[in-house]
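Q: Structure in structure tokens, see below.
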Amino acid sequence: MAFTRRQFLKSAGAGALCLTLAQFGFDAGEARAYAASLKIEGAKEVITVCPFCAVCCQVICHVKDGRLVSTEGDPDHPVNEGGLCAKGAALFSMYSGEHRLKKPLYRAPFSDRWVEKDWDWTLDQIARRVKDARDKDLIEKNGRGQTVNRLESVFSMGTSHATNEECEVIRQHMMGLGVVHIDHQARV
């Protein structure tokens with residue numbers, strides 16, 4: 001990239017200005033820290049654990065007037081020492097983002113649009129489809145005539161948003177249905 005004389009003079013002038021301000025003690029870091037503190041001033045600190053994997057990074061949530069206003073890694077926690085992965089760092093925007101889905105959406109087969117549905121309809125559809133798959137595909141006996149009660153057409157994927165106890169209940173439920181293909185997001 002070729003600089004014109006005018007671009008060179010602008011860059012040199014801006015550099016000289018920055019060096020001069022630095023000599024007078026102007027620090028942009030202090031201004032940024034002050035601006036960030038305004039956002040959380042008067043907010044209650046709530047310590048929680050990031051829900052996205054089994055590492056259990058600690059997160060400081062700032063709540064003001066019943067609303068989440070900020071999240072950050074806890075620098076005093078020995079597991080993450082204030083650092084968060086991309087999912088943990090995006091926790092606040094995933095919670096408060098305008099693009100976050102808040103209601104179930106359904107797209108009918110061969111349709112090109114999504115339709116908003118209520119939770120009762122959605123849960124009924126899920127239960128109906130699991131029951132239909134089990135009724136149709138349950139393998140009661142293997143080739144040797146032994147009772148196996150296997151359902152190989154349904155797959156269960158666990159979530160790191162669930163506790164160990166909740167994951168165990170989900171696993172027991174899936175095994176009770178005969179599902180043999182069970183995995184967990186934190187392991188993948």
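Labeling convention for the structure tokens: chains A, B, ... as they appear, residues from 1 per chain, ligands from 1 in order of appearance.
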Tell me, as a PyMOL selection string, which residues lie within 12 Å of His181 of chain A, counting only C-alpha atoms; anything in the same chain fewer than 4 positions away does not count.

A: chain A and resi 150-158+171+174-175+177

Q: Give me the residues near Lys103 of chain A as a ChimeraX atom specification, where near means some atom within 8 Å (using only C-alpha atoms) and where sequence neighbours in that chain fewer than 2 positions away do not count.

A: /A:101,105,116-119

Q: From a DSSP pass on the backbone, collect the residues of segment 9-139 of chain A flagged as helix (DSSP H, G or I) and hand them back as a ChimeraX atom specification.

A: /A:9-23,28-40,86-89,91-96,119-137

Q: Based on the selection just made, write C-alpha atoms of those residues as a short mmCIF file (atom, residue, chain, number, x, y, z; two decimals), in the first residue's frame.

A:
```cif
data_model
loop_
_atom_site.label_atom_id
_atom_site.label_comp_id
_atom_site.auth_asym_id
_atom_site.auth_seq_id
_atom_site.Cartn_x
_atom_site.Cartn_y
_atom_site.Cartn_z
CA LEU A 9 1.50 13.67 7.74
CA LYS A 10 -1.86 12.64 9.30
CA SER A 11 -0.35 9.43 10.71
CA ALA A 12 2.72 11.22 12.03
CA GLY A 13 0.55 13.93 13.64
CA ALA A 14 -1.73 11.36 15.30
CA GLY A 15 1.29 9.44 16.60
CA ALA A 16 2.85 12.62 18.00
CA LEU A 17 -0.45 13.54 19.69
CA CYS A 18 -0.72 10.11 21.32
CA LEU A 19 2.87 10.29 22.59
CA THR A 20 2.24 13.77 23.98
CA LEU A 21 -0.95 12.71 25.79
CA ALA A 22 0.86 9.70 27.22
CA GLN A 23 3.55 12.02 28.61
CA ALA A 28 -7.08 5.18 28.07
CA GLY A 29 -7.09 2.06 30.27
CA GLU A 30 -8.33 4.04 33.26
CA ALA A 31 -11.07 5.64 31.17
CA ARG A 32 -12.17 2.22 29.88
CA ALA A 33 -12.20 0.76 33.41
CA TYR A 34 -14.26 3.71 34.68
CA ALA A 35 -16.76 3.35 31.82
CA ALA A 36 -17.12 -0.38 32.53
CA SER A 37 -17.73 0.30 36.22
CA LEU A 38 -20.67 2.58 35.38
CA LYS A 39 -22.48 -0.37 33.84
CA ILE A 40 -22.22 -2.50 36.99
CA ALA A 86 -15.70 -18.52 23.61
CA LYS A 87 -18.98 -20.02 24.85
CA GLY A 88 -18.46 -18.74 28.39
CA ALA A 89 -17.40 -15.30 27.18
CA LEU A 91 -22.80 -16.06 28.02
CA PHE A 92 -24.21 -12.56 28.49
CA SER A 93 -24.99 -11.99 24.81
CA MET A 94 -26.59 -15.44 24.52
CA TYR A 95 -28.80 -14.63 27.49
CA SER A 96 -29.75 -11.10 26.49
CA TRP A 119 -44.81 -25.48 24.55
CA ASP A 120 -47.76 -27.87 25.11
CA TRP A 121 -48.03 -28.59 21.38
CA THR A 122 -44.24 -29.00 21.07
CA LEU A 123 -43.92 -31.42 23.99
CA ASP A 124 -46.92 -33.43 22.74
CA GLN A 125 -45.26 -33.72 19.31
CA ILE A 126 -41.98 -34.91 20.81
CA ALA A 127 -43.74 -37.50 23.00
CA ARG A 128 -45.88 -38.70 20.07
CA ARG A 129 -42.88 -39.10 17.75
CA VAL A 130 -40.81 -40.97 20.34
CA LYS A 131 -43.76 -43.30 21.07
CA ASP A 132 -44.38 -43.90 17.35
CA ALA A 133 -40.68 -44.66 16.77
CA ARG A 134 -40.63 -47.06 19.72
CA ASP A 135 -43.80 -48.84 18.64
CA LYS A 136 -42.46 -49.22 15.10
CA ASP A 137 -38.77 -50.00 15.69
#
```

Q: Nearest to Val55 of chain A among A:Gly97, A:Ser160, A:Val179, A:Val148, with distances taken over only C-alpha atoms: which residue is it?

A: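 Smallest distance to Val55 of chain A is found for A:Ser160.
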
Q: In Å, rounded to a single decimal, give me how far atom CA of His99 of chain A is from atom CA of Leu68 of chain A.

A: 16.6 Å
